[in-house]
Each structure stands twice: as structure tokens, then as C-alpha cells.
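Shown next: work15.txt, containing compact mmCIF, C-alpha atoms.
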```txt
# COMPACT_ATOMS: atom_id res chain seq x y z
CA MET A 1 15.67 -45.54 5.98
CA SER A 2 18.78 -46.06 3.88
CA THR A 3 21.35 -43.28 3.40
CA ASN A 4 20.52 -43.21 -0.30
CA SER A 5 16.84 -42.52 0.24
CA GLU A 6 17.68 -40.03 3.00
CA SER A 7 19.82 -38.00 0.63
CA GLN A 8 17.04 -38.22 -1.96
CA CYS A 9 14.62 -36.88 0.66
CA TYR A 10 17.12 -34.12 1.42
CA PHE A 11 17.26 -32.99 -2.21
CA ILE A 12 13.51 -33.31 -2.66
CA GLN A 13 12.88 -31.18 0.43
CA LEU A 14 15.32 -28.59 -0.88
CA GLN A 15 13.00 -28.23 -3.87
CA ILE A 16 9.79 -27.81 -1.89
CA ASP A 17 9.75 -24.00 -2.10
CA SER A 18 10.56 -24.02 -5.80
CA PHE A 19 7.68 -26.47 -6.26
CA VAL A 20 5.32 -24.28 -4.22
CA ASP A 21 6.35 -21.26 -6.33
CA GLY A 22 5.90 -23.26 -9.55
CA GLU A 23 9.55 -22.75 -10.49
CA LEU A 24 10.43 -26.41 -11.24
CA SER A 25 10.82 -27.61 -14.81
CA SER A 26 8.43 -30.32 -15.97
CA ALA A 27 11.14 -33.00 -15.61
CA GLN A 28 12.05 -31.84 -12.09
CA ARG A 29 8.39 -31.65 -11.22
CA GLU A 30 7.82 -35.23 -12.37
CA VAL A 31 10.70 -36.56 -10.24
CA PHE A 32 9.51 -34.46 -7.31
CA MET A 33 5.92 -35.68 -7.50
CA SER A 34 6.81 -39.33 -7.93
CA HIS A 35 9.00 -39.18 -4.82
CA VAL A 36 6.43 -37.31 -2.77
CA HIS A 37 3.75 -39.88 -3.65
CA THR A 38 5.90 -42.74 -2.44
CA CYS A 39 7.62 -41.13 0.56
CA GLU A 40 5.26 -40.43 3.46
CA ASP A 41 7.62 -38.07 5.28
CA CYS A 42 8.29 -35.91 2.23
CA GLY A 43 4.57 -35.95 1.40
CA ARG A 44 3.77 -34.64 4.87
CA GLU A 45 6.57 -32.07 4.62
CA LEU A 46 5.12 -30.80 1.34
CA GLN A 47 1.66 -30.64 2.90
CA TYR A 48 3.10 -28.68 5.83
CA ALA A 49 4.98 -26.30 3.52
CA GLN A 50 1.83 -25.75 1.45
CA THR A 51 -0.23 -25.13 4.61
CA VAL A 52 2.28 -22.56 5.90
CA HIS A 53 2.53 -20.89 2.50
CA ASP A 54 -1.27 -20.68 2.10
CA ALA A 55 -1.60 -19.29 5.62
CA ILE A 56 1.01 -16.59 4.89
CA LEU A 57 -0.79 -15.57 1.71
CA ASP A 58 -4.01 -15.49 3.69
CA LEU A 59 -2.68 -13.22 6.43
CA PRO A 60 -4.93 -10.19 6.84
CA VAL A 61 -4.13 -6.78 5.42
CA ILE A 62 -3.31 -4.53 8.36
CA ASN A 63 -5.07 -1.19 8.25
CA CYS A 64 -3.18 1.89 9.26
CA ASP A 65 -5.50 3.91 11.50
CA GLU A 66 -5.91 7.59 10.81
CA ASN A 67 -4.72 8.43 14.34
CA VAL A 68 -1.33 6.87 13.55
CA LEU A 69 -0.78 9.61 11.00
CA GLU A 70 -2.16 12.41 13.13
CA PRO A 71 1.30 13.59 14.25
CA ILE A 72 2.34 13.62 10.59
CA HIS A 73 -0.60 15.80 9.59
CA ARG A 74 0.16 18.11 12.53
CA LEU A 75 3.78 18.34 11.48
CA VAL A 76 2.80 19.18 7.93
CA ASN A 77 0.28 21.80 8.98
CA ASN A 78 2.52 23.43 11.60
CA GLY A 79 5.71 23.20 9.68
CA HIS A 80 4.30 24.42 6.39
CA GLU A 81 5.92 27.84 6.58
CA SER A 82 9.13 26.82 8.36
CA ALA A 83 9.92 23.42 6.86
CA ALA A 84 8.75 23.97 3.31
CA PRO A 85 11.32 25.54 1.03
CA ALA A 86 11.03 29.31 0.92
CA ARG A 87 9.60 30.60 -2.31
CA SER A 88 9.05 34.24 -3.26
CA SER A 89 5.28 34.07 -3.45
CA SER A 90 2.44 31.59 -3.42
CA LEU A 91 1.97 32.12 -7.16
CA TRP A 92 5.50 30.92 -7.84
CA THR A 93 5.13 28.05 -5.37
CA ALA A 94 2.00 26.93 -7.13
CA LEU A 95 3.70 27.31 -10.50
CA GLY A 96 6.68 25.30 -9.27
CA ASP A 97 4.43 22.51 -7.99
CA TRP A 98 2.51 22.45 -11.22
CA LEU A 99 5.70 22.34 -13.28
CA GLY A 100 7.04 19.58 -11.04
CA SER A 101 4.15 17.34 -11.98
CA ALA A 102 4.06 18.38 -15.66
CA PRO A 103 5.82 16.42 -18.44
CA MET A 104 9.51 17.19 -19.08
CA PHE A 105 9.07 19.30 -22.26
CA VAL A 106 6.37 21.44 -20.61
CA ARG A 107 8.64 21.92 -17.59
CA TYR A 108 11.38 23.48 -19.69
CA ALA A 109 9.23 25.23 -22.27
CA MET A 110 6.96 27.05 -19.81
CA PRO A 111 9.57 29.31 -18.16
CA VAL A 112 11.00 30.23 -21.56
CA VAL A 113 7.57 31.16 -22.86
CA ALA A 114 6.80 33.11 -19.67
CA VAL A 115 9.99 35.14 -19.94
CA ALA A 116 9.43 35.80 -23.63
CA VAL A 117 5.86 37.04 -23.04
CA LEU A 118 6.96 39.22 -20.14
CA ALA A 119 9.83 40.69 -22.13
CA ILE A 120 7.57 41.55 -25.06
CA ALA A 121 5.06 43.16 -22.71
CA ILE A 122 7.51 45.45 -20.93
CA TRP A 123 9.89 46.18 -23.82
CA PRO A 124 8.12 49.33 -25.14
CA ALA A 125 7.65 50.73 -21.63
CA VAL A 126 11.28 50.33 -20.60
CA PHE A 127 13.18 51.02 -23.80
CA GLY A 128 10.64 52.87 -25.94
CA PRO A 129 11.20 56.52 -24.85
CA THR A 130 15.00 56.32 -24.79
CA GLN A 131 15.34 55.33 -28.42
CA ASP A 132 15.68 58.75 -30.01
CA ALA A 133 16.21 57.88 -33.65
CA PRO A 134 13.09 55.75 -34.17
CA GLN A 135 11.12 58.28 -32.14
CA VAL A 136 11.98 60.97 -34.64
CA ALA A 137 11.37 58.73 -37.60
CA SER A 138 7.97 57.55 -36.48
CA GLN A 139 6.94 60.13 -33.96
CA GLU A 140 3.32 60.09 -34.98
CA VAL A 141 2.89 56.34 -34.49
CA GLN A 142 4.68 56.34 -31.10
CA THR A 143 2.56 59.18 -29.81
CA VAL A 144 -0.55 57.17 -30.54
CA ASP A 145 0.88 54.11 -28.73
CA MET A 146 1.88 56.10 -25.65
CA GLN A 147 -1.59 57.56 -25.43
CA GLN A 148 -3.17 54.12 -25.49
CA VAL A 149 -0.88 52.37 -22.95
CA THR A 150 0.78 54.25 -20.12
CA TYR A 151 3.03 52.64 -17.49
CA GLY A 152 3.90 54.29 -14.21
CA PRO A 153 7.26 53.84 -12.44
CA GLU A 154 5.65 51.36 -10.02
CA ASP A 155 4.39 49.22 -12.89
CA ILE A 156 7.82 49.14 -14.42
CA GLN A 157 9.44 48.29 -11.09
CA GLN A 158 6.95 45.47 -10.53
CA ALA A 159 7.52 44.17 -14.05
CA LEU A 160 11.28 44.17 -13.48
CA LEU A 161 10.84 42.28 -10.21
CA ASP A 162 8.69 39.69 -11.98
CA LEU A 163 11.26 39.42 -14.72
CA ASN A 164 14.01 38.86 -12.15
CA LEU A 165 12.00 36.12 -10.48
CA ALA A 166 11.38 34.46 -13.81
CA ILE A 167 15.08 34.65 -14.67
CA ASP A 168 15.98 33.13 -11.26
CA TYR A 169 13.59 30.29 -11.90
CA LEU A 170 14.95 29.79 -15.39
CA ASN A 171 18.47 29.67 -13.97
CA GLU A 172 17.44 26.98 -11.52
CA VAL A 173 15.91 24.95 -14.33
CA SER A 174 19.00 25.35 -16.48
CA GLN A 175 21.27 24.29 -13.59
CA ARG A 176 19.22 21.13 -13.14
CA THR A 177 19.40 20.47 -16.87
CA GLU A 178 23.17 20.90 -16.78
CA VAL A 179 23.43 18.36 -13.96
CA MET A 180 21.28 15.89 -15.90
CA ILE A 181 23.25 16.39 -19.10
CA GLY A 182 26.50 16.25 -17.14
CA ASP A 183 25.54 12.92 -15.63
CA ARG A 184 24.71 11.45 -18.98
CA PHE A 185 27.27 12.92 -21.32
CA LEU A 186 30.17 14.21 -19.27
CA VAL A 187 30.58 12.09 -16.17
CA THR A 188 30.27 8.70 -17.85
CA PRO A 189 32.92 9.33 -20.57
CA LEU A 190 35.19 10.85 -17.93
CA GLN A 191 34.70 7.81 -15.72
CA ASP A 192 35.35 5.49 -18.69
CA SER A 193 38.50 7.38 -19.51
CA LEU A 194 39.71 7.14 -15.91
CA ASN A 195 38.92 3.42 -15.79
CA ALA A 196 40.82 2.87 -19.03
CA SER A 197 43.81 4.76 -17.58
CA PHE A 198 43.74 2.61 -14.46
CA GLU A 199 43.54 -0.55 -16.54
CA ARG A 200 46.49 0.58 -18.65
CA ALA A 201 48.48 1.37 -15.51
CA MET A 202 47.68 -2.02 -14.00
CA GLU A 203 48.61 -3.73 -17.26
CA ARG A 204 51.95 -1.91 -17.23
CA ASN A 205 52.61 -2.92 -13.62
CA ARG A 206 51.70 -6.52 -14.36
CA ASP A 207 54.17 -6.66 -17.28
CA ALA A 208 56.87 -5.15 -15.12
CA LEU A 209 56.33 -7.84 -12.53
CA LEU A 210 56.42 -10.60 -15.14
CA ASP A 211 59.64 -9.26 -16.64
CA ASP A 212 61.26 -8.88 -13.26
CA PRO A 213 64.20 -11.34 -13.15
CA ILE A 214 63.83 -11.74 -9.36
CA MET B 1 4.45 20.12 -2.13
CA ILE B 2 1.82 19.62 0.59
CA PRO B 3 -0.83 17.96 -1.61
CA GLN B 4 1.82 15.77 -3.23
CA TYR B 5 3.19 14.79 0.19
CA ARG B 6 -0.27 13.92 1.48
CA GLN B 7 -0.91 11.88 -1.65
CA ALA B 8 2.35 9.95 -1.12
CA VAL B 9 1.43 9.27 2.52
CA ASP B 10 -2.01 7.99 1.53
CA GLN B 11 -0.56 5.84 -1.22
CA HIS B 12 2.12 4.12 0.87
CA ARG B 13 0.82 4.15 4.45
CA GLN B 14 -0.79 0.68 4.36
CA ARG B 15 2.29 -0.97 2.91
CA ILE B 16 4.65 0.65 5.43
CA PHE B 17 2.43 0.01 8.42
CA SER B 18 1.75 -3.56 7.33
CA PHE B 19 5.49 -4.22 6.91
CA ALA B 20 6.21 -2.80 10.37
CA HIS B 21 3.30 -4.66 11.94
CA TYR B 22 4.41 -8.04 10.60
CA SER B 23 8.01 -7.35 11.62
CA LEU B 24 7.50 -6.05 15.16
CA ARG B 25 5.82 -7.56 18.19
CA ALA B 26 4.02 -4.49 19.50
CA LYS B 27 1.48 -2.53 17.51
CA GLU B 28 2.77 0.68 19.12
CA ASP B 29 6.24 0.00 17.72
CA ALA B 30 4.75 -0.46 14.24
CA GLU B 31 2.97 2.87 14.64
CA ASP B 32 6.20 4.56 15.75
CA VAL B 33 8.06 3.17 12.75
CA THR B 34 5.32 4.34 10.38
CA GLN B 35 5.46 7.82 11.84
CA GLU B 36 9.25 7.87 11.66
CA VAL B 37 9.18 6.87 8.00
CA PHE B 38 6.78 9.61 7.00
CA ILE B 39 8.60 12.24 9.06
CA LYS B 40 11.77 11.30 7.19
CA LEU B 41 9.85 11.56 3.93
CA TRP B 42 8.85 15.11 4.90
CA GLN B 43 12.40 16.04 5.85
CA HIS B 44 13.96 14.60 2.69
CA TRP B 45 11.17 15.50 0.29
CA GLN B 46 13.32 17.82 -1.82
CA LYS B 47 16.28 15.44 -2.06
CA ILE B 48 14.73 12.10 -2.95
CA ASP B 49 14.12 10.67 -6.40
CA HIS B 50 10.33 10.61 -6.57
CA SER B 51 10.28 8.02 -9.34
CA LYS B 52 11.66 5.54 -6.77
CA LEU B 53 9.61 6.70 -3.82
CA GLY B 54 8.16 3.26 -2.98
CA GLY B 55 11.62 1.67 -2.77
CA TRP B 56 12.97 4.58 -0.74
CA LEU B 57 10.14 4.34 1.78
CA MET B 58 10.55 0.58 2.15
CA ARG B 59 14.28 1.02 2.70
CA VAL B 60 13.68 3.60 5.43
CA ALA B 61 11.00 1.37 6.99
CA HIS B 62 13.35 -1.62 6.87
CA ASN B 63 16.11 0.33 8.66
CA ALA B 64 13.66 1.68 11.23
CA VAL B 65 12.36 -1.83 11.92
CA ILE B 66 15.91 -3.15 12.41
CA ASP B 67 16.62 -0.34 14.89
CA GLN B 68 13.39 -1.07 16.75
CA VAL B 69 14.12 -4.82 16.87
CA ARG B 70 17.58 -4.10 18.30
CA LYS B 71 16.07 -1.81 20.92
CA ASN B 72 13.46 -4.39 21.89
CA LYS B 73 15.76 -7.38 21.88
CA SER B 74 17.74 -6.42 24.95
CA ALA B 75 14.65 -5.26 26.83
CA ASN B 76 12.57 -8.35 26.10
CA SER B 77 15.08 -11.19 26.33
CA GLN B 78 13.84 -12.33 29.75
CA GLN B 79 10.19 -11.90 28.84
CA ASP B 80 10.64 -14.21 25.84
CA ASP B 81 11.62 -17.15 28.05
CA TYR B 82 8.35 -16.92 29.93
CA ALA B 83 6.40 -16.56 26.70
CA GLU B 84 7.96 -19.76 25.36
CA VAL B 85 6.92 -21.74 28.42
CA GLU B 86 3.37 -20.41 28.11
CA GLU B 87 3.24 -21.34 24.44
CA GLN B 88 4.38 -24.88 25.17
CA ALA B 89 1.67 -25.23 27.82
CA GLU B 90 -0.96 -24.04 25.33
CA GLU B 91 0.18 -26.54 22.71
CA ILE B 92 -0.81 -29.50 24.89
CA ASP B 93 -4.39 -28.25 25.06
CA GLU B 94 -4.73 -27.90 21.30
CA GLY B 95 -7.46 -29.90 19.60
CA ARG B 96 -6.92 -32.23 16.66
CA GLN B 97 -8.35 -29.92 14.00
CA LEU B 98 -5.99 -27.32 12.56
CA ASP B 99 -7.25 -24.17 14.20
CA GLN B 100 -6.70 -21.69 11.39
CA ALA B 101 -6.86 -18.65 13.67
CA ALA B 102 -4.35 -20.11 16.14
CA PHE B 103 -2.14 -21.28 13.29
CA LYS B 104 -2.10 -17.82 11.73
CA GLN B 105 -1.48 -16.18 15.08
CA GLN B 106 1.50 -18.49 15.68
CA LEU B 107 2.66 -17.89 12.12
CA MET B 108 2.73 -14.15 12.73
CA GLU B 109 4.71 -14.70 15.91
CA ALA B 110 7.10 -17.02 14.08
CA ILE B 111 7.69 -14.41 11.37
CA LYS B 112 8.49 -11.81 14.03
CA GLU B 113 10.99 -14.19 15.60
CA LEU B 114 13.00 -14.51 12.38
CA ASP B 115 16.20 -12.53 12.08
CA ASP B 116 16.77 -9.99 9.35
CA PRO B 117 16.86 -10.17 6.33
CA PHE B 118 14.85 -13.42 6.51
CA ARG B 119 11.96 -11.67 8.24
CA SER B 120 11.90 -8.65 5.91
CA ILE B 121 12.10 -10.76 2.77
CA ILE B 122 9.28 -13.08 3.75
CA VAL B 123 7.08 -10.14 4.76
CA MET B 124 7.83 -8.20 1.59
CA ARG B 125 7.45 -11.12 -0.80
CA ASP B 126 4.87 -13.51 0.69
CA VAL B 127 2.81 -11.20 2.91
CA GLN B 128 2.92 -7.97 0.90
CA GLY B 129 3.43 -9.42 -2.58
CA LEU B 130 6.31 -7.15 -3.58
CA SER B 131 8.18 -8.13 -6.75
CA TYR B 132 11.72 -9.48 -6.61
CA ALA B 133 12.88 -6.26 -8.29
CA GLU B 134 11.29 -4.10 -5.57
CA ILE B 135 12.85 -6.19 -2.79
CA ARG B 136 16.21 -6.14 -4.54
CA GLU B 137 16.07 -2.36 -4.72
CA THR B 138 14.97 -1.99 -1.10
CA LEU B 139 17.52 -4.35 0.42
CA ASP B 140 20.32 -3.62 -2.04
CA MET B 141 20.97 -7.23 -2.99
CA SER B 142 20.78 -9.25 -6.20
CA GLU B 143 17.61 -10.97 -7.31
CA SER B 144 19.15 -14.42 -6.88
CA GLN B 145 20.20 -13.50 -3.33
CA VAL B 146 16.63 -12.47 -2.61
CA LYS B 147 15.35 -15.84 -3.87
CA VAL B 148 17.89 -17.77 -1.80
CA TYR B 149 17.02 -15.78 1.32
CA LEU B 150 13.31 -16.26 0.66
CA HIS B 151 13.63 -20.04 0.51
CA ARG B 152 15.77 -20.05 3.64
CA SER B 153 13.22 -17.84 5.40
CA ARG B 154 10.43 -20.24 4.60
CA ARG B 155 12.49 -23.20 5.81
CA LYS B 156 13.32 -21.37 9.05
CA LEU B 157 9.66 -20.58 9.49
CA ARG B 158 8.72 -24.24 9.03
CA GLU B 159 11.28 -25.19 11.65
CA ASN B 160 9.30 -23.22 14.24
CA LYS B 161 8.46 -25.81 16.88
CA THR B 162 5.04 -24.52 17.87
CA LEU B 163 3.92 -24.10 14.29
CA ARG B 164 5.03 -27.63 13.42
CA ASN B 165 3.32 -29.07 16.48
CA LEU B 166 0.06 -27.35 15.59
CA PHE B 167 0.26 -28.88 12.13
CA ASN B 168 1.25 -32.32 13.45
CA VAL B 169 -1.71 -32.35 15.82
CA SER B 170 -4.05 -31.49 12.96
CA VAL B 171 -2.82 -34.38 10.81
CA GLY B 172 -2.94 -36.81 13.74
CA LYS B 173 0.78 -37.11 14.20
CA PRO B 174 1.81 -37.37 17.87
CA VAL B 175 3.62 -34.35 19.25
CA THR B 176 7.00 -35.37 20.50
CA ASP B 177 10.28 -33.67 21.10
CA LYS B 178 11.64 -35.56 18.12
CA GLU B 179 10.63 -33.66 15.03
CA SER B 180 9.44 -35.40 11.93
CA LEU B 181 11.79 -35.58 8.98
CA THR B 182 12.95 -32.04 8.52
CA LEU B 183 15.64 -30.71 6.30
CA SER B 184 17.86 -29.98 9.26
CA THR B 185 17.55 -33.48 10.74
CA VAL B 186 18.20 -35.15 7.38
CA LYS B 187 21.18 -32.91 6.86
CA ALA B 188 22.55 -33.82 10.28
CA THR B 189 22.12 -37.54 9.51
CA ASN B 190 23.97 -37.16 6.21
CA GLU B 191 26.86 -35.37 7.84
```
Using the file provided, produce a representation of the structure as C-alpha cells.
Amino acid sequence: MSTNSESQCYFIQLQIDSFVDGELSSAQREVFMSHVHTCEDCGRELQYAQTVHDAILDLPVINCDENVLEPIHRLVNNGHESAAPARSSSLWTALGDWLGSAPMFVRYAMPVVAVAVLAIAIWPAVFGPTQDAPQVASQEVQTVDMQQVTYGPEDIQQALLDLNLAIDYLNEVSQRTEVMIGDRFLVTPLQDSLNASFERAMERNRDALLDDPI
Amino acid sequence: MIPQYRQAVDQHRQRIFSFAHYSLRAKEDAEDVTQEVFIKLWQHWQKIDHSKLGGWLMRVAHNAVIDQVRKNKSANSQQDDYAEVEEQAEEIDEGRQLDQAAFKQQLMEAIKELDDPFRSIIVMRDVQGLSYAEIRETLDMSESQVKVYLHRSRRKLRENKTLRNLFNVSVGKPVTDKESLTLSTVKATNE
């Protein structure tokens, strides 16, 4: 075999995988095929490559037995209380999980709506009796309202606790939003500004070196 | 969290176990790696970006496999020598037809013998059918690097002596120590 044809074989064999993947252009493919048809060694090499490739694609899917994951399930079941993040109540955990899987606008709108509804519900009970002026002005109407809905101190305390929880959750959401906004609108311009400063400094140093008589 | 975690485990378990199985010699090691990956998922559940969960799991699996290979390498170095002698003895008894089962078995062994990242890339791309983008994300390299490594992996795989001999026997080519025209031999001649 001459050196010329050997180097041709070398380049053809370099292209075998691209040929197998269908990544050669039509011109490259034509040159490749014409060589492979005339060169027995390269023809066999292609056949071997194709056989190996087909065998790889045909390798069986390996099933993961259920017993492999048994320790994982045990860990999850045992560590539910200890490893899972502590939440105030199962209701809030469930709400958090649901919000986590909900679309973005629902995620942010829901806590706001919840707080608003809660605030409207407890407003008359908490602030109603202390507002003297309106009480005098519309005493008759307020008396009727108070007769219809009465809240005990425990109810008010519970409502305040719920409100606090909702506010905590809202704070968490707003912190996350701040981080997201910060990443997009604050960090990038700051980084750009820093990069520009560095470039200017480097430019200055470069000029100083060029102007240096030594 | 629990239902979502279970769902993630169910969704990715086959891919992780399959990757570990094709990368490691012992099934038990593949099982250990799979467990390790999903324990790490549990521990880092709150911190990870769930939109890139597949890539994260593959990256953890890849690192766990590398650790396991390192652990096994020192322990099994002597055993491998004996295994090679046994394989060579078996080759002589091979029939002339390409025994698909034996060929695939040897192919799996040859894949496991590859070094990383050649082994991981060929398993991810050719065995598991991951996209170049997914592999790039998992191994933190460019797409062109992945392609180059993939082609090199396949060439290294084809250079496996036992695999080549099995093929040569099937096409009626005598098995000798001298290999047929391979890229490495041509390259050596040119140099």
C-alpha cells in the first residue's frame, strides 16, 4: 500500500463516525463511499464500525428494581418530619407545595389575595369598636352588625396568628422576587459597569507601557 | 415535597440506574450509585433548580460513578489481569458466526473499560440517547468538545482487541496479533 493511499485511508477512517451519524455533506459522502467501495480494508472498517454502533443502540434498557429504591423510600418516610423543612402547619405546607407547582402569576397573586380577604374579614372585629366617631354617627347600623356577627378574644387571636403567618409567607415570596429581580436588573448592569471599569484600567495601563521610553 | 420527590425519583430512576450500570462492572455498585444520587436529591431538594433537575441528577450520577471507578480500580487491578487471560482463551473457541449476545456482552465490558469522559459520553449519547445539549450541561463542556470526545470514544471502543477479534471471526478474517488496518496503525505508519 502506498503512503498516499494510506493517508487517504487515514482520512477516510477519521470520517467513519461522521458518516455513521449522517453528518457528512453530500460531496464528502460521495468521496467517502467511492473510497470505501474500492478499498477492502476501509470497507471492512466501516462494516465493523456500523456493527459496533448498531450493537450499542441495541443494548437493552436496564430496569431499576424496586428494591434498589427501598432505602430511599425508607429515608423519605422516616425523615419526613426531621428532614423536611419545618412549616407552621400542614395546611401551609400543602399550600406551599401547591403554590410551588402553580404558574408564576398565581404564585404571587394568591398570597396577596389571601391577605386581603383575611384583612377584610377581621377588620370590623379588631378596629370596629374602638372607632368612636363613626360609632356615634351610625350607632344604629353598627348595633345591628354586632348582633349578627360576634367574635370572641380567641377568634381574634387566631385571626391575628393566621394573618402573621400569611405576612411571613408573603415576605418570603417578596424576598425571592427581589432576588430574581436583582439577578436580572441589578447584578448584570453592576457587573457590566465593573467589567467596563476593568477594561478602562487595562487600556490605561497598556498605553502607559507603550509610552514608556524604557 | 414528598409527592414531588417521589415523582422525580420515578421519572429519573431508569436513566440514572442505566447510566451507572453501563459505567460500572458490578450491579451492586450501580445500585449504590443510584441510591447515593437520590439521597443527594433528597438532601438538596430545597436548593436545586428544578427546571434543570435531569441535568443535575446526571451530573451527580457522573461524579458518583467516577468515585466508584476510582475505588474499584485499585482493588481490582490484579483481578483484571486474570480476566484478560480468560477472555483470550474464550476467543479461540468462538464460532464463525457473529454471536450477537457474546458481542453485546463484550461491548458492555469494553464500554466499562473506557476512561472518563469517553465512557460517560458514549453511554449518555449512544446508549441512553441524551441530546448533545444535555450532555454538555451535565459534563460542563462545549457541544463541539462533546462531539470530539464521542468520536474518540467510539474509536477507542473499536480498538478493543476482543471485540475486534469477535468481528473478524464472524467475517472470516483470521485472528492474529496483527490487527487489521486501524486508525492507530495507519497513523503510526504515517508518522
Could you give me, as CSV, every chain B residue with an atom at most 6 Å from chain A, plus its closest atom pair and distance in Å to one decimal, counting all atoms listed in the file, rows ordered by chain then number?
```
residue,atom,partner,partner_atom,distance
B:Gln14,CA,A:Cys64,CA,5.6
B:Phe17,CA,A:Cys64,CA,6.0
B:Ser18,CA,A:Ile62,CA,5.3
B:Glu31,CA,A:Val68,CA,6.0
B:Val127,CA,A:Leu57,CA,5.8
```
Ranking B:Leu157, B:Met58, B:Met108, B:Ala64 by minimum distance to Arg136 in chain B and counting only C-alpha atoms, which one comes first?
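Closest candidate: B:Met58.
Distance check against Lys40 in chain B using only C-alpha atoms: of B:Ala110, B:Ala20, B:Val9, B:Met141, the minimum falls on B:Val9.
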Give me the box for range 23-33 of chain B as AutoDock Vina command-line options, namely the centre and edge lengths in Å to one decimal of a box along x, y and z that holds every listed atom plus 6 Å on each side.
```
--center_x 4.8 --center_y -1.5 --center_z 15.6 --size_x 18.6 --size_y 24.1 --size_z 19.9
```
Which residues, protein or nucleic acid, reach to within 8 Å of (8.9, -4.3, 13.0) in the file's coordinates when using only C-alpha atoms, and can you give that as a VMD selection string?
chain B and resid 19 to 25 29 to 30 33 64 to 66 68 to 69 112
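Of note, CA of Leu139 in chain B and CA of Pro117 in chain B are spaced 8.3 Å apart.
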What separation in Å, quoted to one decimal, exists between CA of Thr38 in chain A and CA of His151 in chain B?
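These atoms are spaced 24.2 Å apart.
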Would you mind reading off the distance between CA of Arg13 in chain B and CA of Phe38 in chain B, one decimal, in Å?
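Taking CA of Arg13 in chain B and CA of Phe38 in chain B, their separation equals 8.5 Å.
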